[in-house]
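The structure under discussion appears below in the form of structure tokens.
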Amino acid sequence: MHHPPVTIHDKQFSIYLPERKILHSVEIVAARLSHDYRGKTPLFLSVLNGSFMFASDLMKEMSIPCEISFVRLSSYTDMHSTGKVKEIIGLKESIKGRHVVVLEDIVDTGHTVAGLLPQLHQQEPASVEVATLLVKPECLQHDLQIKYPAMSIANDFVVGYGLDYNGLGRNLRDIYKVM
Ligand SMILES: O=P(O)(O)OC[C@H]1O[C@H](OP(=O)(O)OP(=O)(O)O)[C@H](O)[C@@H]1O
Ligand code: HPA
């Protein structure tokens, strides 16, 4: 399939990860989670906005009983991290004693996940792990154990499949990187 470059705001992006590759990597993560959490009814916590597409496709591939809830925790404007971590919004149910799996679209500097995990641990879950579609190992600034990364990428700004550049690009089926 041909994927011409796309323009979003002031920048051009070229094809990076086609949809079939994304979906294949999501299937593999779902199979691992279905195996590891058998008998545990995990609670997925999808961190909005970026992770909605990953969460949706991952849930469809899960072969064990599981639940999902959506939380917000935003710290990004433009293409650079502000480094500020905000508190969790929207977590209505108790996670005490639950096996929680945080769903992220991307772990970049790691600020977001590093800020989120202590807030979750305060509520005494049985366990907390992180599943992310993308991780940028070169950019990580925290000592994080990301147990379920679907794909590792280089230090490129990417959009598509839920990921945005200043609000746009989330609807793209494929992932593009800035040119
Ligand atoms: O590892 P980090 O450097 O913290 O970057 C990753 C976070 O940044 C993005 O969220 P953003 O705050 O842009 O909100 P969004 O999901 O609504 O786009 C992304 O969805 C992750 O949550
Ligand atoms: O590369 C990225 N693209 C979109 N959003 C992001 N948030 C952190 N890194 C990125």
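Ordering of the structure tokens sets the chain letters (A, B, ...); residue numbers start at 1 within each chain; ligands are numbered from 1 in the order shown.
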Exercise for review: Please provide as a ChimeraX atom specification all residues within 12 Å of region 57-66 of chain A, with the sequence filter that same-chain residues fewer than 2 positions apart are discarded (counting only C-alpha atoms).
Suggested key: /A:19,22-46,51-55,68-69,98-101,103-105,131-133,148,150,161-162,173
For ligand 2, return the neighbouring residues as a compact mmCIF listing (two decimals) with N, CA and C atoms, in the first residue's frame (distance at most 6 Å; only C-alpha atoms and all ligand atoms).
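File selection03.txt, as written:
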# COMPACT_ATOMS: atom_id res chain seq x y z
N ASP A 108 7.79 8.08 26.38
CA ASP A 108 8.84 8.87 25.72
C ASP A 108 9.90 9.22 26.78
N PHE A 157 9.73 12.16 16.56
CA PHE A 157 8.37 12.54 16.92
C PHE A 157 7.41 11.84 15.96
N VAL A 158 6.43 11.14 16.51
CA VAL A 158 5.52 10.34 15.69
C VAL A 158 4.06 10.76 15.89
N VAL A 159 3.25 10.52 14.88
CA VAL A 159 1.81 10.77 14.96
C VAL A 159 1.05 9.61 14.32
N LEU A 163 -1.90 8.92 18.38
CA LEU A 163 -0.87 9.93 18.74
C LEU A 163 -1.08 11.20 17.93
N ASP A 164 -0.91 12.34 18.60
CA ASP A 164 -1.20 13.60 17.93
C ASP A 164 0.01 14.52 17.85
N TYR A 165 -0.11 15.48 16.96
CA TYR A 165 0.77 16.65 16.97
C TYR A 165 -0.15 17.85 17.15
Review point. For Ile89 (chain A), which residue out of A:Leu48, A:Met151, A:Val107, A:Ala114 is the nearest one, using only C-alpha atoms?
Key: A:Leu48
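Of the residues under consideration (A:Leu172, A:Val130, A:Cys139, A:Ile88), A:Cys139 shows the shortest atom-to-atom contact distance to ligand 1 when counting only C-alpha atoms and all ligand atoms.
Taking atom 13 (O, counted along the ligand's line) of ligand 1 and CA of Ile106 (chain A) as the two end points, the separation is 9.2 Å.
Distance annotation: of A:Val113, A:Leu120, A:Val47, A:Ile95, the residue with the minimal separation from Gln141 (chain A) is A:Val113; atom set is only C-alpha atoms.
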Review point. Which of these residues is nearest to ligand 1, using only C-alpha atoms and all ligand atoms: A:Val128, A:Val178, A:Val71, A:Met1?
Key: A:Val71
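Using only C-alpha atoms, the nearest neighbour of Gly160 (chain A) within the list A:Pro118, A:His142, A:Gly90, A:Ile8 is A:Ile8.
As for CA of Phe13 (chain A) and CA of Ile153 (chain A), they are spaced 15.5 Å apart.
Backbone DSSP over region 5-71 of chain A gives alpha helix (DSSP H) for Glu19, Arg20, Lys21, Ile22, Leu23, His24, Ser25, Val26, Glu27, Ile28, Val29, Ala30, Ala31, Arg32, Leu33, Ser34, His35, Asp36, Phe52, Met53, Phe54, Ala55, Ser56, Asp57, Leu58, Met59, Lys60 and Glu61 of chain A.
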Check your understanding: Using only C-alpha atoms and all ligand atoms, which of the listed residues (A:Met179, A:Leu140, A:Ile15, A:Leu91) sits closest to ligand 1?
Key -> A:Leu140
Practice item. Quick one: pull the distance between CA of Gln119 (chain A) and CA of Lys86 (chain A), Å, one decimal. Key: 10.2 Å
Exercise for review: Please return as a PyMOL selection string: the residues of chain A that backbone DSSP assigns to strand (DSSP E or B).
Suggested key: chain A and resi 6-8+11-17+43-48+67-72+76-77+80-81+89+99-107+127-135+148-152+158-160+163+165+168+175-178
